[in-house]
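Everything below belongs to coords.cif, which stores mmCIF, C-alpha atoms.
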data_protein
loop_
_atom_site.group_PDB
_atom_site.id
_atom_site.type_symbol
_atom_site.label_atom_id
_atom_site.label_comp_id
_atom_site.auth_asym_id
_atom_site.auth_seq_id
_atom_site.Cartn_x
_atom_site.Cartn_y
_atom_site.Cartn_z
ATOM 1 C CA MET S 551 0.000 0.000 0.000
ATOM 2 C CA LYS S 552 1.465 3.362 -1.043
ATOM 3 C CA VAL S 553 1.415 6.221 1.474
ATOM 4 C CA ALA S 554 2.851 9.740 1.443
ATOM 5 C CA ALA S 555 6.360 9.861 2.941
ATOM 6 C CA SER S 556 5.334 12.754 5.202
ATOM 7 C CA SER S 557 2.587 10.635 6.833
ATOM 8 C CA LEU S 558 5.018 8.007 8.168
ATOM 9 C CA ARG S 559 5.718 7.888 11.899
ATOM 10 C CA LYS S 560 8.351 6.251 14.094
ATOM 11 C CA GLY S 561 7.776 2.481 14.153
ATOM 12 C CA ALA S 562 6.180 2.271 10.690
ATOM 13 C CA VAL S 563 7.470 -0.468 8.378
ATOM 14 C CA VAL S 564 8.214 0.247 4.710
ATOM 15 C CA ASP S 565 9.118 -2.036 1.811
ATOM 16 C CA MET S 566 11.997 -0.821 -0.370
ATOM 17 C CA GLU S 567 13.093 -3.101 -3.225
ATOM 18 C CA GLY S 568 11.709 -6.173 -1.450
ATOM 19 C CA LYS S 569 13.448 -5.495 1.875
ATOM 20 C CA LEU S 570 11.627 -4.413 5.023
ATOM 21 C CA TYR S 571 12.772 -1.322 6.952
ATOM 22 C CA VAL S 572 11.471 0.041 10.248
ATOM 23 C CA VAL S 573 11.343 3.839 10.594
ATOM 24 C CA LEU S 574 13.496 5.077 13.500
ATOM 25 C CA THR S 575 13.084 8.853 13.090
ATOM 26 C CA VAL S 576 11.074 11.153 10.832
ATOM 27 C CA ASP S 577 12.046 14.779 10.191
ATOM 28 C CA ASN S 578 9.779 16.947 8.068
ATOM 29 C CA ILE S 579 12.017 19.751 6.780
ATOM 30 C CA HIS S 580 10.394 22.937 5.447
ATOM 31 C CA PRO S 581 13.114 25.168 3.960
ATOM 32 C CA GLY S 582 12.411 28.831 3.284
ATOM 33 C CA LYS S 583 12.789 28.199 -0.435
ATOM 34 C CA GLY S 584 12.190 25.025 -2.350
ATOM 35 C CA THR S 585 10.187 21.884 -1.780
ATOM 36 C CA PRO S 586 9.573 20.519 1.721
ATOM 37 C CA VAL S 587 11.249 17.144 2.274
ATOM 38 C CA THR S 588 10.897 14.244 4.695
ATOM 39 C CA GLN S 589 14.096 12.712 6.090
ATOM 40 C CA LEU S 590 13.627 9.069 7.155
ATOM 41 C CA ASN S 591 16.206 7.234 9.261
ATOM 42 C CA MET S 592 15.474 3.511 9.031
ATOM 43 C CA ARG S 593 16.849 0.130 10.099
ATOM 44 C CA ARG S 594 16.762 -2.873 7.752
ATOM 45 C CA ILE S 595 14.972 -5.630 9.637
ATOM 46 C CA SER S 596 16.900 -8.532 8.111
ATOM 47 C CA ASP S 597 20.400 -7.459 9.186
ATOM 48 C CA GLY S 598 20.052 -4.275 11.281
ATOM 49 C CA VAL S 599 21.834 -1.952 8.795
ATOM 50 C CA LYS S 600 20.754 1.669 9.271
ATOM 51 C CA VAL S 601 19.960 3.814 6.223
ATOM 52 C CA SER S 602 18.850 7.384 5.701
ATOM 53 C CA GLU S 603 16.527 8.399 2.856
ATOM 54 C CA ARG S 604 15.132 11.768 1.826
ATOM 55 C CA TYR S 605 11.788 12.131 0.012
ATOM 56 C CA ARG S 606 9.734 15.056 -1.222
ATOM 57 C CA THR S 607 6.722 15.210 1.084
ATOM 58 C CA THR S 608 4.381 14.326 -1.785
ATOM 59 C CA GLU S 609 6.381 11.222 -2.825
ATOM 60 C CA GLN S 610 4.784 7.844 -2.197
ATOM 61 C CA VAL S 611 6.468 5.093 -0.170
ATOM 62 C CA GLU S 612 5.429 1.423 -0.110
ATOM 63 C CA ARG S 613 4.167 0.565 3.371
ATOM 64 C CA ALA S 614 4.772 -3.110 4.182
ATOM 65 C CA PHE S 615 1.966 -5.493 5.066
ATOM 66 C CA VAL S 616 2.595 -6.187 8.706
ATOM 67 C CA ASP S 617 0.278 -7.236 11.470
ATOM 68 C CA GLN S 618 -0.141 -4.366 13.936
ATOM 69 C CA ARG S 619 -1.891 -5.298 17.155
ATOM 70 C CA ASN S 620 -2.010 -4.098 20.699
ATOM 71 C CA HIS S 621 0.095 -6.228 23.029
ATOM 72 C CA THR S 622 0.659 -6.050 26.768
ATOM 73 C CA PHE S 623 4.249 -5.807 28.019
ATOM 74 C CA LEU S 624 4.909 -8.539 30.582
ATOM 75 C CA TYR S 625 8.603 -8.555 31.533
ATOM 76 C CA GLN S 626 12.205 -8.490 30.303
ATOM 77 C CA ASP S 627 14.763 -11.245 30.787
ATOM 78 C CA GLY S 628 17.918 -12.584 29.100
ATOM 79 C CA GLU S 629 15.848 -13.845 26.163
ATOM 80 C CA GLY S 630 14.344 -10.419 25.404
ATOM 81 C CA PHE S 631 11.161 -8.445 26.005
ATOM 82 C CA HIS S 632 8.022 -10.544 26.512
ATOM 83 C CA PHE S 633 4.630 -9.372 25.222
ATOM 84 C CA MET S 634 1.175 -10.961 25.300
ATOM 85 C CA ASN S 635 -1.678 -10.584 22.818
ATOM 86 C CA PRO S 636 -4.661 -9.743 25.102
ATOM 87 C CA GLU S 637 -7.146 -11.422 22.702
ATOM 88 C CA THR S 638 -5.436 -14.790 22.160
ATOM 89 C CA TYR S 639 -3.028 -14.814 25.141
ATOM 90 C CA ASP S 640 -0.209 -15.757 22.719
ATOM 91 C CA GLN S 641 3.201 -14.567 23.890
ATOM 92 C CA LEU S 642 5.916 -13.044 21.704
ATOM 93 C CA VAL S 643 9.538 -12.233 22.512
ATOM 94 C CA ALA S 644 11.070 -9.108 20.958
ATOM 95 C CA THR S 645 14.827 -8.601 20.793
ATOM 96 C CA GLU S 646 16.678 -5.579 22.158
ATOM 97 C CA GLU S 647 17.332 -4.366 18.578
ATOM 98 C CA VAL S 648 13.565 -4.247 17.882
ATOM 99 C CA ILE S 649 12.777 -2.379 21.124
ATOM 100 C CA GLY S 650 15.724 0.052 20.812
ATOM 101 C CA ASP S 651 15.339 3.355 22.668
ATOM 102 C CA ALA S 652 11.766 2.470 23.719
ATOM 103 C CA ALA S 653 13.106 0.089 26.410
ATOM 104 C CA PRO S 654 13.272 2.584 29.319
ATOM 105 C CA TYR S 655 9.606 3.511 28.834
ATOM 106 C CA LEU S 656 8.230 -0.045 28.982
ATOM 107 C CA GLN S 657 6.265 -0.580 32.178
ATOM 108 C CA GLU S 658 4.639 -3.782 33.362
ATOM 109 C CA ASN S 659 1.116 -4.222 31.875
ATOM 110 C CA MET S 660 1.647 -1.287 29.460
ATOM 111 C CA THR S 661 -0.292 -1.606 26.207
ATOM 112 C CA VAL S 662 1.883 -1.013 23.128
ATOM 113 C CA GLN S 663 1.356 -1.538 19.417
ATOM 114 C CA LEU S 664 3.613 -4.335 18.221
ATOM 115 C CA SER S 665 4.203 -4.841 14.496
ATOM 116 C CA THR S 666 4.886 -8.427 13.466
ATOM 117 C CA HIS S 667 5.870 -9.990 10.153
ATOM 118 C CA ASN S 668 5.374 -13.783 9.994
ATOM 119 C CA ASP S 669 4.793 -13.771 13.785
ATOM 120 C CA VAL S 670 8.198 -12.174 14.446
ATOM 121 C CA PRO S 671 8.170 -8.771 16.215
ATOM 122 C CA ILE S 672 9.798 -6.151 13.982
ATOM 123 C CA ALA S 673 8.734 -2.795 15.440
ATOM 124 C CA ILE S 674 7.136 -1.254 18.514
ATOM 125 C CA GLU S 675 5.006 1.853 18.927
ATOM 126 C CA LEU S 676 4.764 3.244 22.454
ATOM 127 C CA PRO S 677 1.829 5.224 23.819
ATOM 128 C CA ARG S 678 2.261 8.940 23.013
ATOM 129 C CA THR S 679 2.758 9.874 26.672
ATOM 130 C CA VAL S 680 3.738 8.128 29.919
ATOM 131 C CA VAL S 681 3.523 9.164 33.566
ATOM 132 C CA LEU S 682 6.850 9.003 35.416
ATOM 133 C CA GLU S 683 8.259 10.318 38.685
ATOM 134 C CA ILE S 684 11.119 12.800 39.054
ATOM 135 C CA VAL S 685 13.890 11.129 41.094
ATOM 136 C CA GLU S 686 16.603 13.774 40.802
ATOM 137 C CA THR S 687 16.607 17.503 40.018
ATOM 138 C CA GLU S 688 18.177 20.713 41.249
ATOM 139 C CA PRO S 689 16.330 22.645 43.962
ATOM 140 C CA SER S 690 14.390 25.633 42.666
ATOM 141 C CA VAL S 691 16.038 29.035 43.099
ATOM 142 C CA LYS S 692 13.849 31.838 44.392
ATOM 143 C CA GLY S 693 13.071 34.461 41.781
ATOM 144 C CA GLN S 694 13.992 32.154 38.895
ATOM 145 C CA THR S 695 10.367 31.688 37.790
ATOM 146 C CA ALA S 696 10.304 35.024 35.938
ATOM 147 C CA SER S 697 12.300 33.572 33.046
ATOM 148 C CA SER S 698 11.146 30.555 31.087
ATOM 149 C CA SER S 699 14.222 28.519 32.009
ATOM 150 C CA TYR S 700 14.136 24.773 32.411
ATOM 151 C CA LYS S 701 16.344 22.688 34.693
ATOM 152 C CA PRO S 702 17.723 19.167 34.133
ATOM 153 C CA ALA S 703 15.958 16.236 35.812
ATOM 154 C CA VAL S 704 16.234 12.446 35.945
ATOM 155 C CA LEU S 705 13.057 10.361 35.610
ATOM 156 C CA SER S 706 12.248 7.134 37.480
ATOM 157 C CA ASN S 707 13.212 5.133 34.364
ATOM 158 C CA GLY S 708 16.698 6.738 34.250
ATOM 159 C CA VAL S 709 16.002 8.997 31.243
ATOM 160 C CA LYS S 710 17.163 12.623 31.468
ATOM 161 C CA THR S 711 14.834 15.482 30.553
ATOM 162 C CA THR S 712 14.293 19.151 31.389
ATOM 163 C CA VAL S 713 11.476 20.431 33.589
ATOM 164 C CA PRO S 714 10.191 23.839 34.746
ATOM 165 C CA PRO S 715 11.849 25.247 37.898
ATOM 166 C CA TYR S 716 8.825 24.597 40.169
ATOM 167 C CA ILE S 717 8.994 20.774 39.661
ATOM 168 C CA THR S 718 10.575 18.971 42.639
ATOM 169 C CA VAL S 719 11.786 15.428 43.410
ATOM 170 C CA GLY S 720 8.833 13.058 43.829
ATOM 171 C CA THR S 721 6.556 14.940 41.418
ATOM 172 C CA ARG S 722 4.765 12.730 38.868
ATOM 173 C CA VAL S 723 4.937 14.224 35.368
ATOM 174 C CA ILE S 724 3.660 13.399 31.876
ATOM 175 C CA ILE S 725 6.483 12.816 29.369
ATOM 176 C CA LEU S 726 6.199 12.681 25.559
ATOM 177 C CA THR S 727 7.820 9.349 24.565
ATOM 178 C CA GLU S 728 9.053 10.341 21.109
ATOM 179 C CA ASP S 729 11.482 13.040 22.329
ATOM 180 C CA ASN S 730 11.637 12.663 26.163
ATOM 181 C CA SER S 731 10.112 16.123 26.651
ATOM 182 C CA TYR S 732 8.128 17.306 29.684
ATOM 183 C CA GLN S 733 4.437 17.993 28.957
ATOM 184 C CA GLU S 734 2.753 18.723 32.303
ATOM 185 C CA ARG S 735 2.299 17.551 35.871
ATOM 186 C CA ALA S 736 0.294 14.345 36.242
ATOM 187 C CA LYS S 737 -3.198 14.964 37.610
ATOM 188 C CA ASP S 738 -3.200 12.065 40.062
#

Translate this file's structure into structure tokens.
Amino acid sequence: MKVAASSLRKGAVVDMEGKLYVVLTVDNIHPGKGTPVTQLNMRRISDGVKVSERYRTTEQVERAFVDQRNHTFLYQDGEGFHFMNPETYDQLVATEEVIGDAAPYLQENMTVQLSTHNDVPIAIELPRTVVLEIVETEPSVKGQTASSSYKPAVLSNGVKTTVPPYITVGTRVIILTEDNSYQERAKD
């Protein structure tokens, strides 16, 4: 199925010359002059080779026929990351290469979209946001709130981000999974 290159998202699987690639990052570039382009950084599923392709935003790309279903994350061990299909209770094991930089965000019983090709996991799509706790950050300095400065913080999953100065250790926050950015305080 052909889709516009600009409509692809992280985790999508494309077919280029008979080989399957999973999209790692998508950058839509809009220069002041000229045609907007979409930069795709991808990993070939068969051997893990990373490639970078640039398309005009109107160009069509062949999206691969893969089975995309919601799966529940169970646990991680030496074999890999274990997921369960909530409808059939079938379990799949995804390798560390498939999970990639999504690993720190996986939480027990989290629902993710797992793409499989011939019952082998090839890509993962996390929920757009996750709720995590701040475990380390600098204390707020009085009078610093006037400027829109952010301070570094470490989340409960070990990922570093930046947060507004009024956020303290122990605060639960909503984080955007695609770029580790702070969105807002959790309302719980």

Just to confirm, what's the straight-line distance from atom CA of S:Arg604 to atom CA of S:Gln618 in Å (one decimal)? 25.3 Å

Per-residue nearest contacts of stretch 665-707 of chain S to stretch 586-595 of chain S (12 Å; only C-alpha atoms) as CSV:
residue,atom,partner,partner_atom,distance
S:Ser665,CA,S:Ile595,CA,11.8
S:Thr666,CA,S:Ile595,CA,11.1
S:His667,CA,S:Ile595,CA,10.1
S:Val670,CA,S:Ile595,CA,10.6
S:Pro671,CA,S:Ile595,CA,10.0
S:Ile672,CA,S:Ile595,CA,6.8
S:Ala673,CA,S:Ile595,CA,9.0

Please measure the separation of atom CA of S:Tyr732 and atom CA of S:Ser706, giving the value in Å to one decimal.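 Interatomic distance, atom CA of S:Tyr732 to atom CA of S:Ser706: 13.5 Å.
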
Enumerate, as a ChimeraX atom specification, the protein, DNA and RNA residues whose atoms approach (11.4, -1.4, 13.8) to within 12 Å, taking into account only C-alpha atoms and the coordinate frame of the file. /S:559-564,570-575,591-600,614,616,618,644-652,663-667,670-676

Dump C-alpha atoms for the selected residues as a short mmCIF file (atom, residue, chain, number, x, y, z; two decimals), keeping the file's coordinate frame?
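What landed in selection.cif:
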data_model
loop_
_atom_site.label_atom_id
_atom_site.label_comp_id
_atom_site.auth_asym_id
_atom_site.auth_seq_id
_atom_site.Cartn_x
_atom_site.Cartn_y
_atom_site.Cartn_z
CA ARG S 559 5.72 7.89 11.90
CA LYS S 560 8.35 6.25 14.09
CA GLY S 561 7.78 2.48 14.15
CA ALA S 562 6.18 2.27 10.69
CA VAL S 563 7.47 -0.47 8.38
CA VAL S 564 8.21 0.25 4.71
CA LEU S 570 11.63 -4.41 5.02
CA TYR S 571 12.77 -1.32 6.95
CA VAL S 572 11.47 0.04 10.25
CA VAL S 573 11.34 3.84 10.59
CA LEU S 574 13.50 5.08 13.50
CA THR S 575 13.08 8.85 13.09
CA ASN S 591 16.21 7.23 9.26
CA MET S 592 15.47 3.51 9.03
CA ARG S 593 16.85 0.13 10.10
CA ARG S 594 16.76 -2.87 7.75
CA ILE S 595 14.97 -5.63 9.64
CA SER S 596 16.90 -8.53 8.11
CA ASP S 597 20.40 -7.46 9.19
CA GLY S 598 20.05 -4.28 11.28
CA VAL S 599 21.83 -1.95 8.80
CA LYS S 600 20.75 1.67 9.27
CA ALA S 614 4.77 -3.11 4.18
CA VAL S 616 2.60 -6.19 8.71
CA GLN S 618 -0.14 -4.37 13.94
CA ALA S 644 11.07 -9.11 20.96
CA THR S 645 14.83 -8.60 20.79
CA GLU S 646 16.68 -5.58 22.16
CA GLU S 647 17.33 -4.37 18.58
CA VAL S 648 13.56 -4.25 17.88
CA ILE S 649 12.78 -2.38 21.12
CA GLY S 650 15.72 0.05 20.81
CA ASP S 651 15.34 3.36 22.67
CA ALA S 652 11.77 2.47 23.72
CA GLN S 663 1.36 -1.54 19.42
CA LEU S 664 3.61 -4.34 18.22
CA SER S 665 4.20 -4.84 14.50
CA THR S 666 4.89 -8.43 13.47
CA HIS S 667 5.87 -9.99 10.15
CA VAL S 670 8.20 -12.17 14.45
CA PRO S 671 8.17 -8.77 16.22
CA ILE S 672 9.80 -6.15 13.98
CA ALA S 673 8.73 -2.80 15.44
CA ILE S 674 7.14 -1.25 18.51
CA GLU S 675 5.01 1.85 18.93
CA LEU S 676 4.76 3.24 22.45
#

Just the number, please: distance in Å from atom CA of S:Ala736 to atom CA of S:Thr718, one decimal. 13.0 Å

Find the residues near S:Tyr605: any atom within 12 Å, counting all atoms listed in the file, skip ones fewer than 2 places away on the same chain, and give them as a CSV table (one decimal) with C-alpha atoms, in the coordinates of the input.
chain,number,residue,atom,x,y,z
S,554,ALA,CA,2.9,9.7,1.4
S,555,ALA,CA,6.4,9.9,2.9
S,556,SER,CA,5.3,12.8,5.2
S,557,SER,CA,2.6,10.6,6.8
S,558,LEU,CA,5.0,8.0,8.2
S,576,VAL,CA,11.1,11.2,10.8
S,577,ASP,CA,12.0,14.8,10.2
S,578,ASN,CA,9.8,16.9,8.1
S,579,ILE,CA,12.0,19.8,6.8
S,585,THR,CA,10.2,21.9,-1.8
S,586,PRO,CA,9.6,20.5,1.7
S,587,VAL,CA,11.2,17.1,2.3
S,588,THR,CA,10.9,14.2,4.7
S,589,GLN,CA,14.1,12.7,6.1
S,590,LEU,CA,13.6,9.1,7.2
S,591,ASN,CA,16.2,7.2,9.3
S,602,SER,CA,18.8,7.4,5.7
S,603,GLU,CA,16.5,8.4,2.9
S,607,THR,CA,6.7,15.2,1.1
S,608,THR,CA,4.4,14.3,-1.8
S,609,GLU,CA,6.4,11.2,-2.8
S,610,GLN,CA,4.8,7.8,-2.2
S,611,VAL,CA,6.5,5.1,-0.2

Specify as number ranges by chain each residue included when the PyMOL selection byres ((chain S and resi 654) around 8) is applied to this file. S: 651-653, 655-656, 707-709

Requested write-out: C-alpha atoms of the selected residues, as a PDB file, in the frame of the given file:
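Written output follows (selection28.pdb):
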ATOM      1  CA  ASP S 651      15.339   3.355  22.668  1.00  0.00           C
ATOM      2  CA  ALA S 652      11.766   2.470  23.719  1.00  0.00           C
ATOM      3  CA  ALA S 653      13.106   0.089  26.410  1.00  0.00           C
ATOM      4  CA  TYR S 655       9.606   3.511  28.834  1.00  0.00           C
ATOM      5  CA  LEU S 656       8.230  -0.045  28.982  1.00  0.00           C
ATOM      6  CA  ASN S 707      13.212   5.133  34.364  1.00  0.00           C
ATOM      7  CA  GLY S 708      16.698   6.738  34.250  1.00  0.00           C
ATOM      8  CA  VAL S 709      16.002   8.997  31.243  1.00  0.00           C
TER       9      VAL S 709
END

Which one is closest to S:Ile684: S:Pro702, S:Gly582, S:Gly720, S:Gly568? Count only C-alpha atoms.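 With only C-alpha atoms as the atom set, the closest residue is S:Gly720.
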
So which residues get picked by the PyMOL selection byres ((chain S and resi 642) around 6) here, written as a list in words? His632, Phe633, Gln641 and Val643 of chain S

Got a sec: who's within 9 Å of S:Val680, counting only C-alpha atoms, leaving out chain neighbours fewer than 6 positions off, as a PyMOL selection string? chain S and resi 655+723-727

For S:His621, which residue among S:Arg606, S:Val662, S:Lys583, S:Tyr700 is the nearest when counting only C-alpha atoms? S:Val662

Would you pick out the contacts of stretch 685-687 of chain S at 6 Å or less, using only C-alpha atoms, so that residues sharing its chain but fewer than 5 positions from it are not included, and give the list as a PyMOL selection string? chain S and resi 703-706+719

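When all atoms listed in the file are used to compute distances to S:Asp617, the closest of the residues S:Glu683, S:Asn635, S:Asp729, S:Gly584 turns out to be S:Asn635.
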
Choose the residue, out of S:Tyr639, S:Met660, S:Asp669, S:Val601, that has the smallest atom-to-atom separation from S:Phe623; count all atoms listed in the file. S:Met660

Padded axis-aligned box of stretch 642-648 of chain S (6 Å per side), centre and edge lengths, Å, one decimal, as AutoDock Vina command-line options:
--center_x 11.6 --center_y -8.6 --center_z 20.2 --size_x 23.4 --size_y 20.8 --size_z 16.6

Once the PyMOL selection byres ((chain S and resi 701) around 10) has been evaluated on this model, what residues remain selected, and can you format them as a PyMOL selection string? chain S and resi 687-690+699-700+702-703+711-717
